[in-house]
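These notes concern the structure reproduced below.
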Amino acid sequence: MVSISDPAVQSYALYSTILALKMLGMAILTGKTRYGKNVFANEEDAKASKGKVRYDDPDVERVRRAHLNDLENIPAFWILGALYLTTGPAASTAANLFRAYTAGRLIHTFVYAVKPMPQPSRAIAFAVPLFIMFYMGYKVATFYASAL
Amino acid sequence: MVSISDPAVQSYALYSTILALKMLGMAILTGKTRYGKNVFANEEDAKASKGKVRYDDPDVERVRRAHLNDLENIPAFWILGALYLTTGPAASTAANLFRAYTAGRLIHTFVYAVKPMPQPSRAIAFAVPLFIMFYMGYKVATFYASAL
Amino acid sequence: MVSISDPAVQSYALYSTILALKMLGMAILTGKTRYGKNVFANEEDAKASKGKVRYDDPDVERVRRAHLNDLENIPAFWILGALYLTTGPAASTAANLFRAYTAGRLIHTFVYAVKPMPQPSRAIAFAVPLFIMFYMGYKVATFYASAL
């Protein structure tokens with residue numbers, strides 16, 4: 001029913017991977033910010049770099065909040081997107097949802113942690129992907145409602 | 001081997017989705033609590049709402065802890081539940097485990113962040129889903145042990 | 001195309017489960033550390049154990065950082081590993097990547113939270129699994145690039 005030869009499934013595979021790599025990139029961005037400001041979360045890291053242990057550096061904490069926001073959203077996309085594919089959506093609809101979701105999350109990271117911008121830029125970049133997840137979740141829940 | 005026409009798989013799809021939507025709801029609950037108390041995590045958010053940046057509001061932090069607890073548990077259910085289905089459990093057993101897991105996590109959120117209650121209410125609502133995950137994980141690990 | 005009778009898929013199932021159980025174990029390690037030092041995150045927990053509410057206990061926070069690091073990495077492995085299997089890798093290559101990933105994450109937890117060790121032990125135990133995820137992600141992204 002769901003086959004890897006289906007364009008919607010291929011789209012899911014590609015965008016899920018882009019999102020995973022983007023999320024993993026947050027660890028690198030955190031590290032870069034830590035080394036740039038020489039502040040660390042662990043004594044052994046501070047010692048190795050002759051830096052300080054601090055938990056309130058605004059730049060580091062901003063990247064960490066953006067990272068946590070990814071954890072709150074991207075794994076939910078992986079499961080909801082996969083299950084949504086099993087409900088038989090039109091391939092172009094599914095692919096466009098995945099594209100819009102990914103674009104939203106990339107913009108979210110950019111306006112949150114790369115180049116902080118005034119609201120409502122981040123609010124919009126957060127809300128559009130969230131809305132897409134609620135839409136897919138609604139589709140899946142109604143499709144399988146009889147399994148309650 | 002695992003087909004979407006299988007009632008256990010349909011049950012997995014439904015409960016995984018309910019859990020995803022519940023988890024995403026935590027972001028909305030955090031936002032609601034932030035606006036209710038006018039405390040924010042970012043300068044640009046505080047500015048937009050004429051509020052304060054604070055990281056120690058007890059109500060906001062409680063919702064955030066409940067959210068983090070979801071992140072620590074619900075994605076693990078998605079993978080363990082899916083892999084458990086590949087071990088050929090009875091459909092009714094699988095469906096009942098998924099139901100009990102979901103009920104436990106809903107109760108956990110309620111007694112933690114919606115209507116805080118004295119222990120051991122939260123401890124029980126945490127332990128039952130955790131036990132179900134350890135059970136499913138044990139089943140999967142022994143089923144595929146030869147792949148070590 | 002991807003079948004549970006495929007040794008690479010069985011390897012994925014086993015190592016994904018080991019990683020899930022290890023990650024869930026962090027909650028137990030946090031609880032053990034909290035009870036050992038009698039410090040808690042919630043008033044109702046402190047009351048039940050005649051302990052204190054504290055957010056800066058170094059031992060508890062270290063375990064929590066190790067746990068968060070799991071959340072930042074292990075769910076990404078679940079999705080990238082699954083999608084990587086759809087690109088038709090040699091079974092032995094896939095299994096060895098999954099083994100190395102799992103070994104790296106187990107060592108990471110050990111040197112971070114069980115028996116803290118000087119750098120670069122944790123850096124290496126972090127970087128090897130991260131590199132494996134970037135490799136798998138690269139393979140998936142190029143395989144499905146036409147779905148952009």
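So you can find residues: chains in the structure tokens are A, B, ... in the order shown, residues in each start at 1, and ligands are numbered from 1 in order.
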
Each residue of chain A with at least one atom at most 6 Å from chain B should appear once, together with its nearest atom pair and the corresponding distance in Å (one decimal); atoms considered: only C-alpha atoms; ordering: chain, then increasing residue number; output as a tab-separated table.
```
residue	atom	partner	partner_atom	distance
A:Ala76	CA	B:Ala20	CA	5.8
A:Pro118	CA	B:Glu44	CA	5.5
A:Gly137	CA	B:Thr17	CA	5.8
A:Ala141	CA	B:Leu14	CA	5.5
A:Tyr144	CA	B:Leu14	CA	5.7
A:Ala147	CA	B:Ser11	CA	5.1
```

Keeping N, CA and C atoms, export the residues of the selection given above as a compact mmCIF listing (two decimals), in the first residue's frame.
```
# COMPACT_ATOMS: atom_id res chain seq x y z
N ALA A 76 7.85 14.57 15.59
CA ALA A 76 6.40 14.45 15.39
C ALA A 76 6.06 14.47 13.90
N PRO A 118 12.81 40.26 14.58
CA PRO A 118 11.65 40.61 15.42
C PRO A 118 10.46 39.71 15.09
N GLY A 137 -2.33 14.97 11.24
CA GLY A 137 -2.80 14.21 12.39
C GLY A 137 -4.31 14.02 12.35
N ALA A 141 -6.08 10.44 12.20
CA ALA A 141 -6.98 10.06 13.30
C ALA A 141 -8.37 9.72 12.78
N TYR A 144 -8.30 6.26 10.85
CA TYR A 144 -8.20 5.06 11.68
C TYR A 144 -9.08 5.13 12.92
N ALA A 147 -10.35 2.17 14.97
CA ALA A 147 -9.43 1.33 15.76
C ALA A 147 -9.36 1.78 17.23
```

Chain fit, chain B moved to chain C over all Cα pairs in order, as a PDB file with C-alpha atoms, in the first residue's frame:
```
ATOM      1  CA  MET B   1      11.722  -3.760  -1.028  1.00  0.00           C
ATOM      2  CA  VAL B   2      12.407  -3.490   2.699  1.00  0.00           C
ATOM      3  CA  SER B   3      11.446  -6.755   4.416  1.00  0.00           C
ATOM      4  CA  ILE B   4      11.747  -7.872   8.000  1.00  0.00           C
ATOM      5  CA  SER B   5      13.441 -11.052   6.730  1.00  0.00           C
ATOM      6  CA  ASP B   6      16.355  -8.897   5.519  1.00  0.00           C
ATOM      7  CA  PRO B   7      19.330  -9.175   7.945  1.00  0.00           C
ATOM      8  CA  ALA B   8      19.981  -5.409   7.687  1.00  0.00           C
ATOM      9  CA  VAL B   9      16.393  -4.697   8.752  1.00  0.00           C
ATOM     10  CA  GLN B  10      16.670  -7.129  11.650  1.00  0.00           C
ATOM     11  CA  SER B  11      19.876  -5.407  12.701  1.00  0.00           C
ATOM     12  CA  TYR B  12      18.102  -2.048  12.542  1.00  0.00           C
ATOM     13  CA  ALA B  13      15.249  -3.390  14.696  1.00  0.00           C
ATOM     14  CA  LEU B  14      17.630  -4.739  17.309  1.00  0.00           C
ATOM     15  CA  TYR B  15      19.911  -1.708  17.584  1.00  0.00           C
ATOM     16  CA  SER B  16      17.061   0.797  17.462  1.00  0.00           C
ATOM     17  CA  THR B  17      15.533  -1.065  20.391  1.00  0.00           C
ATOM     18  CA  ILE B  18      18.781  -1.176  22.361  1.00  0.00           C
ATOM     19  CA  LEU B  19      19.091   2.587  21.844  1.00  0.00           C
ATOM     20  CA  ALA B  20      15.484   3.172  22.919  1.00  0.00           C
ATOM     21  CA  LEU B  21      15.940   1.129  26.091  1.00  0.00           C
ATOM     22  CA  LYS B  22      19.230   2.896  26.840  1.00  0.00           C
ATOM     23  CA  MET B  23      17.543   6.277  26.376  1.00  0.00           C
ATOM     24  CA  LEU B  24      14.644   5.291  28.640  1.00  0.00           C
ATOM     25  CA  GLY B  25      17.222   4.159  31.180  1.00  0.00           C
ATOM     26  CA  MET B  26      18.325   7.797  31.508  1.00  0.00           C
ATOM     27  CA  ALA B  27      15.023   8.578  33.246  1.00  0.00           C
ATOM     28  CA  ILE B  28      15.785   5.868  35.780  1.00  0.00           C
ATOM     29  CA  LEU B  29      19.338   7.162  36.231  1.00  0.00           C
ATOM     30  CA  THR B  30      17.977  10.693  36.768  1.00  0.00           C
ATOM     31  CA  GLY B  31      15.532   9.390  39.355  1.00  0.00           C
ATOM     32  CA  LYS B  32      18.248   7.403  41.118  1.00  0.00           C
ATOM     33  CA  THR B  33      20.509  10.483  41.249  1.00  0.00           C
ATOM     34  CA  ARG B  34      17.640  12.680  42.490  1.00  0.00           C
ATOM     35  CA  TYR B  35      16.780  10.278  45.308  1.00  0.00           C
ATOM     36  CA  GLY B  36      20.453   9.776  46.149  1.00  0.00           C
ATOM     37  CA  LYS B  37      20.923  13.531  46.642  1.00  0.00           C
ATOM     38  CA  ASN B  38      17.330  14.225  47.691  1.00  0.00           C
ATOM     39  CA  VAL B  39      16.842  17.040  45.168  1.00  0.00           C
ATOM     40  CA  PHE B  40      13.759  17.294  42.992  1.00  0.00           C
ATOM     41  CA  ALA B  41      12.257  19.412  40.238  1.00  0.00           C
ATOM     42  CA  ASN B  42       8.737  19.615  41.700  1.00  0.00           C
ATOM     43  CA  GLU B  43       7.342  20.667  45.065  1.00  0.00           C
ATOM     44  CA  GLU B  44       5.097  17.595  45.224  1.00  0.00           C
ATOM     45  CA  ASP B  45       8.104  15.275  44.684  1.00  0.00           C
ATOM     46  CA  ALA B  46      10.208  17.036  47.333  1.00  0.00           C
ATOM     47  CA  LYS B  47       7.292  16.859  49.767  1.00  0.00           C
ATOM     48  CA  ALA B  48       6.783  13.128  49.168  1.00  0.00           C
ATOM     49  CA  SER B  49      10.483  12.459  49.889  1.00  0.00           C
ATOM     50  CA  LYS B  50      11.195  15.235  52.429  1.00  0.00           C
ATOM     51  CA  GLY B  51      13.774  16.584  49.976  1.00  0.00           C
ATOM     52  CA  LYS B  52      14.546  19.966  48.386  1.00  0.00           C
ATOM     53  CA  VAL B  53      13.583  21.560  45.084  1.00  0.00           C
ATOM     54  CA  ARG B  54      16.815  22.422  43.296  1.00  0.00           C
ATOM     55  CA  TYR B  55      17.714  23.009  39.667  1.00  0.00           C
ATOM     56  CA  ASP B  56      21.480  23.283  40.034  1.00  0.00           C
ATOM     57  CA  ASP B  57      22.636  19.992  41.498  1.00  0.00           C
ATOM     58  CA  PRO B  58      25.714  19.198  39.389  1.00  0.00           C
ATOM     59  CA  ASP B  59      25.186  15.422  39.382  1.00  0.00           C
ATOM     60  CA  VAL B  60      21.511  15.575  38.477  1.00  0.00           C
ATOM     61  CA  GLU B  61      22.127  18.195  35.787  1.00  0.00           C
ATOM     62  CA  ARG B  62      24.912  16.119  34.259  1.00  0.00           C
ATOM     63  CA  VAL B  63      22.590  13.133  33.853  1.00  0.00           C
ATOM     64  CA  ARG B  64      19.930  15.436  32.416  1.00  0.00           C
ATOM     65  CA  ARG B  65      22.392  16.847  29.869  1.00  0.00           C
ATOM     66  CA  ALA B  66      23.332  13.308  28.820  1.00  0.00           C
ATOM     67  CA  HIS B  67      19.614  12.502  28.489  1.00  0.00           C
ATOM     68  CA  LEU B  68      18.961  15.607  26.380  1.00  0.00           C
ATOM     69  CA  ASN B  69      21.905  14.690  24.183  1.00  0.00           C
ATOM     70  CA  ASP B  70      20.188  11.339  23.563  1.00  0.00           C
ATOM     71  CA  LEU B  71      16.998  13.138  22.549  1.00  0.00           C
ATOM     72  CA  GLU B  72      19.025  15.229  20.114  1.00  0.00           C
ATOM     73  CA  ASN B  73      20.595  12.174  18.486  1.00  0.00           C
ATOM     74  CA  ILE B  74      18.754   8.874  18.904  1.00  0.00           C
ATOM     75  CA  PRO B  75      15.378   9.721  17.274  1.00  0.00           C
ATOM     76  CA  ALA B  76      17.351  11.072  14.294  1.00  0.00           C
ATOM     77  CA  PHE B  77      19.047   7.667  14.054  1.00  0.00           C
ATOM     78  CA  TRP B  78      15.679   5.900  14.029  1.00  0.00           C
ATOM     79  CA  ILE B  79      14.478   7.825  10.978  1.00  0.00           C
ATOM     80  CA  LEU B  80      17.797   8.037   9.128  1.00  0.00           C
ATOM     81  CA  GLY B  81      18.549   4.345   9.731  1.00  0.00           C
ATOM     82  CA  ALA B  82      15.110   3.287   8.470  1.00  0.00           C
ATOM     83  CA  LEU B  83      15.344   5.466   5.361  1.00  0.00           C
ATOM     84  CA  TYR B  84      18.930   4.365   4.712  1.00  0.00           C
ATOM     85  CA  LEU B  85      17.664   0.766   4.515  1.00  0.00           C
ATOM     86  CA  THR B  86      15.420   1.785   1.609  1.00  0.00           C
ATOM     87  CA  THR B  87      18.470   2.826  -0.436  1.00  0.00           C
ATOM     88  CA  GLY B  88      19.657  -0.781  -0.729  1.00  0.00           C
ATOM     89  CA  PRO B  89      22.931  -0.787   1.240  1.00  0.00           C
ATOM     90  CA  ALA B  90      24.938  -3.999   1.655  1.00  0.00           C
ATOM     91  CA  ALA B  91      23.557  -5.787   4.719  1.00  0.00           C
ATOM     92  CA  SER B  92      26.963  -6.040   6.369  1.00  0.00           C
ATOM     93  CA  THR B  93      27.703  -2.325   5.840  1.00  0.00           C
ATOM     94  CA  ALA B  94      24.355  -1.317   7.318  1.00  0.00           C
ATOM     95  CA  ALA B  95      24.709  -3.687  10.284  1.00  0.00           C
ATOM     96  CA  ASN B  96      28.220  -2.419  11.022  1.00  0.00           C
ATOM     97  CA  LEU B  97      27.087   1.209  10.914  1.00  0.00           C
ATOM     98  CA  PHE B  98      24.232   0.406  13.316  1.00  0.00           C
ATOM     99  CA  ARG B  99      26.642  -1.446  15.633  1.00  0.00           C
ATOM    100  CA  ALA B 100      29.195   1.371  15.640  1.00  0.00           C
ATOM    101  CA  TYR B 101      26.454   3.950  16.201  1.00  0.00           C
ATOM    102  CA  THR B 102      25.058   2.049  19.171  1.00  0.00           C
ATOM    103  CA  ALA B 103      28.497   1.437  20.674  1.00  0.00           C
ATOM    104  CA  GLY B 104      29.278   5.163  20.353  1.00  0.00           C
ATOM    105  CA  ARG B 105      26.080   6.217  22.110  1.00  0.00           C
ATOM    106  CA  LEU B 106      26.584   3.679  24.912  1.00  0.00           C
ATOM    107  CA  ILE B 107      30.120   4.964  25.460  1.00  0.00           C
ATOM    108  CA  HIS B 108      28.827   8.555  25.317  1.00  0.00           C
ATOM    109  CA  THR B 109      26.440   7.905  28.193  1.00  0.00           C
ATOM    110  CA  PHE B 110      29.104   6.085  30.178  1.00  0.00           C
ATOM    111  CA  VAL B 111      31.786   8.787  29.940  1.00  0.00           C
ATOM    112  CA  TYR B 112      29.242  11.616  30.345  1.00  0.00           C
ATOM    113  CA  ALA B 113      26.924  10.499  33.116  1.00  0.00           C
ATOM    114  CA  VAL B 114      28.007   7.195  34.650  1.00  0.00           C
ATOM    115  CA  LYS B 115      31.753   7.715  35.104  1.00  0.00           C
ATOM    116  CA  PRO B 116      32.613  11.279  33.952  1.00  0.00           C
ATOM    117  CA  MET B 117      35.915  11.295  32.063  1.00  0.00           C
ATOM    118  CA  PRO B 118      38.186  14.049  30.733  1.00  0.00           C
ATOM    119  CA  GLN B 119      37.806  15.180  27.143  1.00  0.00           C
ATOM    120  CA  PRO B 120      38.180  14.148  24.337  1.00  0.00           C
ATOM    121  CA  SER B 121      36.501  10.868  25.396  1.00  0.00           C
ATOM    122  CA  ARG B 122      32.990  12.310  25.230  1.00  0.00           C
ATOM    123  CA  ALA B 123      33.749  14.342  22.090  1.00  0.00           C
ATOM    124  CA  ILE B 124      34.812  11.181  20.226  1.00  0.00           C
ATOM    125  CA  ALA B 125      31.837   9.163  21.514  1.00  0.00           C
ATOM    126  CA  PHE B 126      29.600  11.975  20.256  1.00  0.00           C
ATOM    127  CA  ALA B 127      31.301  12.584  16.910  1.00  0.00           C
ATOM    128  CA  VAL B 128      31.419   9.002  15.593  1.00  0.00           C
ATOM    129  CA  PRO B 129      27.630   8.415  15.794  1.00  0.00           C
ATOM    130  CA  LEU B 130      27.026  11.928  14.432  1.00  0.00           C
ATOM    131  CA  PHE B 131      29.277  11.200  11.460  1.00  0.00           C
ATOM    132  CA  ILE B 132      27.405   7.929  10.815  1.00  0.00           C
ATOM    133  CA  MET B 133      24.114   9.854  10.760  1.00  0.00           C
ATOM    134  CA  PHE B 134      25.503  12.437   8.332  1.00  0.00           C
ATOM    135  CA  TYR B 135      26.739   9.591   6.123  1.00  0.00           C
ATOM    136  CA  MET B 136      23.349   7.835   6.122  1.00  0.00           C
ATOM    137  CA  GLY B 137      21.571  11.154   5.579  1.00  0.00           C
ATOM    138  CA  TYR B 138      23.818  11.966   2.632  1.00  0.00           C
ATOM    139  CA  LYS B 139      23.080   8.551   1.112  1.00  0.00           C
ATOM    140  CA  VAL B 140      19.311   9.010   1.524  1.00  0.00           C
ATOM    141  CA  ALA B 141      19.292  12.621   0.281  1.00  0.00           C
ATOM    142  CA  THR B 142      21.231  11.778  -2.888  1.00  0.00           C
ATOM    143  CA  PHE B 143      19.145   8.623  -3.495  1.00  0.00           C
ATOM    144  CA  TYR B 144      15.874  10.611  -3.382  1.00  0.00           C
ATOM    145  CA  ALA B 145      17.214  13.935  -4.687  1.00  0.00           C
ATOM    146  CA  SER B 146      14.859  13.823  -7.686  1.00  0.00           C
ATOM    147  CA  ALA B 147      11.881  14.145  -5.281  1.00  0.00           C
ATOM    148  CA  LEU B 148      12.932  17.691  -4.300  1.00  0.00           C
TER     149      LEU B 148
END
```

Next on the checklist: From a backbone DSSP assignment, name each residue in chain A labelled helix (DSSP H, G or I), as a PyMOL selection string.
Outcome noted: chain A and resi 7-37+43-49+58-85+91-114+121-143+145-147

Selection from above, C-alpha atoms, as an mmCIF file, in the first residue's frame, can you write it?
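Done, and the output landed in again-v9.cif:
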```cif
data_model
loop_
_atom_site.group_PDB
_atom_site.id
_atom_site.type_symbol
_atom_site.label_atom_id
_atom_site.label_comp_id
_atom_site.auth_asym_id
_atom_site.auth_seq_id
_atom_site.Cartn_x
_atom_site.Cartn_y
_atom_site.Cartn_z
ATOM 1 C CA PRO A 7 6.583 9.719 -5.384
ATOM 2 C CA ALA A 8 4.901 10.838 -2.138
ATOM 3 C CA VAL A 9 6.978 8.321 -0.184
ATOM 4 C CA GLN A 10 10.155 9.444 -1.926
ATOM 5 C CA SER A 11 9.281 13.020 -1.054
ATOM 6 C CA TYR A 12 8.763 11.993 2.574
ATOM 7 C CA ALA A 13 12.155 10.250 2.606
ATOM 8 C CA LEU A 14 13.932 13.281 1.198
ATOM 9 C CA TYR A 15 12.324 15.929 3.408
ATOM 10 C CA SER A 16 12.528 13.816 6.560
ATOM 11 C CA THR A 17 16.235 13.494 5.899
ATOM 12 C CA ILE A 18 16.725 17.210 5.233
ATOM 13 C CA LEU A 19 14.960 17.901 8.538
ATOM 14 C CA ALA A 20 17.102 15.344 10.384
ATOM 15 C CA LEU A 21 20.327 16.818 9.002
ATOM 16 C CA LYS A 22 19.148 20.341 9.828
ATOM 17 C CA MET A 23 18.329 19.258 13.393
ATOM 18 C CA LEU A 24 21.707 17.573 13.806
ATOM 19 C CA GLY A 25 23.279 20.782 12.524
ATOM 20 C CA MET A 26 21.978 22.537 15.643
ATOM 21 C CA ALA A 27 24.506 20.576 17.730
ATOM 22 C CA ILE A 28 27.270 21.916 15.512
ATOM 23 C CA LEU A 29 25.873 25.452 15.755
ATOM 24 C CA THR A 30 25.743 25.123 19.558
ATOM 25 C CA GLY A 31 29.347 23.942 19.614
ATOM 26 C CA LYS A 32 30.449 26.762 17.326
ATOM 27 C CA THR A 33 28.698 29.335 19.554
ATOM 28 C CA ARG A 34 30.190 27.781 22.702
ATOM 29 C CA TYR A 35 33.727 27.883 21.307
ATOM 30 C CA GLY A 36 33.208 31.389 19.932
ATOM 31 C CA LYS A 37 32.262 32.685 23.386
ATOM 32 C CA GLU A 43 33.882 21.363 33.749
ATOM 33 C CA GLU A 44 35.851 18.943 31.579
ATOM 34 C CA ASP A 45 34.958 20.911 28.423
ATOM 35 C CA ALA A 46 35.871 24.254 29.983
ATOM 36 C CA LYS A 47 39.157 22.790 31.190
ATOM 37 C CA ALA A 48 40.036 21.414 27.739
ATOM 38 C CA SER A 49 39.424 24.852 26.166
ATOM 39 C CA PRO A 58 22.323 34.575 25.713
ATOM 40 C CA ASP A 59 23.715 33.436 22.348
ATOM 41 C CA VAL A 60 24.303 29.848 23.405
ATOM 42 C CA GLU A 61 20.912 29.629 25.110
ATOM 43 C CA ARG A 62 19.176 31.012 22.021
ATOM 44 C CA VAL A 63 20.663 28.266 19.840
ATOM 45 C CA ARG A 64 19.723 25.704 22.475
ATOM 46 C CA ARG A 65 16.110 26.931 22.528
ATOM 47 C CA ALA A 66 15.964 26.659 18.736
ATOM 48 C CA HIS A 67 17.364 23.127 19.013
ATOM 49 C CA LEU A 68 14.811 22.144 21.663
ATOM 50 C CA ASN A 69 12.051 23.561 19.469
ATOM 51 C CA ASP A 70 13.240 21.184 16.722
ATOM 52 C CA LEU A 71 13.028 18.254 19.142
ATOM 53 C CA GLU A 72 9.474 19.288 19.985
ATOM 54 C CA ASN A 73 8.427 19.385 16.335
ATOM 55 C CA ILE A 74 10.546 17.375 13.882
ATOM 56 C CA PRO A 75 10.167 13.841 15.332
ATOM 57 C CA ALA A 76 6.395 14.453 15.388
ATOM 58 C CA PHE A 77 6.618 15.222 11.658
ATOM 59 C CA TRP A 78 8.454 11.957 11.009
ATOM 60 C CA ILE A 79 5.671 9.851 12.515
ATOM 61 C CA LEU A 80 2.721 11.965 11.342
ATOM 62 C CA GLY A 81 4.099 12.243 7.804
ATOM 63 C CA ALA A 82 4.692 8.482 7.575
ATOM 64 C CA LEU A 83 1.209 7.656 8.879
ATOM 65 C CA TYR A 84 -0.374 10.299 6.657
ATOM 66 C CA LEU A 85 1.083 8.483 3.634
ATOM 67 C CA ALA A 91 1.064 12.551 -4.173
ATOM 68 C CA SER A 92 1.281 16.235 -5.076
ATOM 69 C CA THR A 93 -0.665 17.286 -1.955
ATOM 70 C CA ALA A 94 1.589 15.218 0.288
ATOM 71 C CA ALA A 95 4.767 16.461 -1.382
ATOM 72 C CA ASN A 96 3.659 20.083 -1.091
ATOM 73 C CA LEU A 97 2.845 19.674 2.587
ATOM 74 C CA PHE A 98 6.285 18.143 3.192
ATOM 75 C CA ARG A 99 7.947 20.967 1.247
ATOM 76 C CA ALA A 100 6.072 23.690 3.112
ATOM 77 C CA TYR A 101 6.804 22.008 6.435
ATOM 78 C CA THR A 102 10.519 21.804 5.707
ATOM 79 C CA ALA A 103 10.684 25.377 4.430
ATOM 80 C CA GLY A 104 8.918 26.561 7.599
ATOM 81 C CA ARG A 105 11.338 24.759 9.891
ATOM 82 C CA LEU A 106 14.384 26.025 7.983
ATOM 83 C CA ILE A 107 13.079 29.593 8.238
ATOM 84 C CA HIS A 108 12.318 29.030 11.939
ATOM 85 C CA THR A 109 15.930 28.143 12.645
ATOM 86 C CA PHE A 110 17.193 31.039 10.577
ATOM 87 C CA VAL A 111 15.095 33.742 12.254
ATOM 88 C CA TYR A 112 15.532 32.202 15.722
ATOM 89 C CA ALA A 113 19.181 31.253 15.937
ATOM 90 C CA VAL A 114 21.149 32.309 12.880
ATOM 91 C CA SER A 121 8.682 36.176 11.848
ATOM 92 C CA ARG A 122 9.427 33.284 14.187
ATOM 93 C CA ALA A 123 5.777 32.888 15.199
ATOM 94 C CA ILE A 124 4.760 32.411 11.546
ATOM 95 C CA ALA A 125 7.661 30.045 10.824
ATOM 96 C CA PHE A 126 6.547 28.009 13.837
ATOM 97 C CA ALA A 127 2.800 28.094 13.197
ATOM 98 C CA VAL A 128 2.752 26.970 9.543
ATOM 99 C CA PRO A 129 4.576 23.647 10.166
ATOM 100 C CA LEU A 130 2.519 23.115 13.344
ATOM 101 C CA PHE A 131 -0.693 23.611 11.368
ATOM 102 C CA ILE A 132 0.501 21.097 8.747
ATOM 103 C CA MET A 133 1.130 18.541 11.504
ATOM 104 C CA PHE A 134 -2.339 19.118 12.977
ATOM 105 C CA TYR A 135 -3.832 18.679 9.501
ATOM 106 C CA MET A 136 -1.967 15.420 8.866
ATOM 107 C CA GLY A 137 -2.796 14.209 12.389
ATOM 108 C CA TYR A 138 -6.475 14.969 11.851
ATOM 109 C CA LYS A 139 -6.428 13.033 8.571
ATOM 110 C CA VAL A 140 -4.769 10.007 10.200
ATOM 111 C CA ALA A 141 -6.979 10.059 13.305
ATOM 112 C CA THR A 142 -10.204 10.172 11.292
ATOM 113 C CA PHE A 143 -8.924 7.512 8.854
ATOM 114 C CA ALA A 145 -10.898 6.220 14.101
ATOM 115 C CA SER A 146 -12.547 2.784 14.060
ATOM 116 C CA ALA A 147 -9.425 1.330 15.764
#
```

Checklist entry - Tell me, which residues of chain B carry DSSP strand (DSSP E or B), written as a count of residues only? => result 4
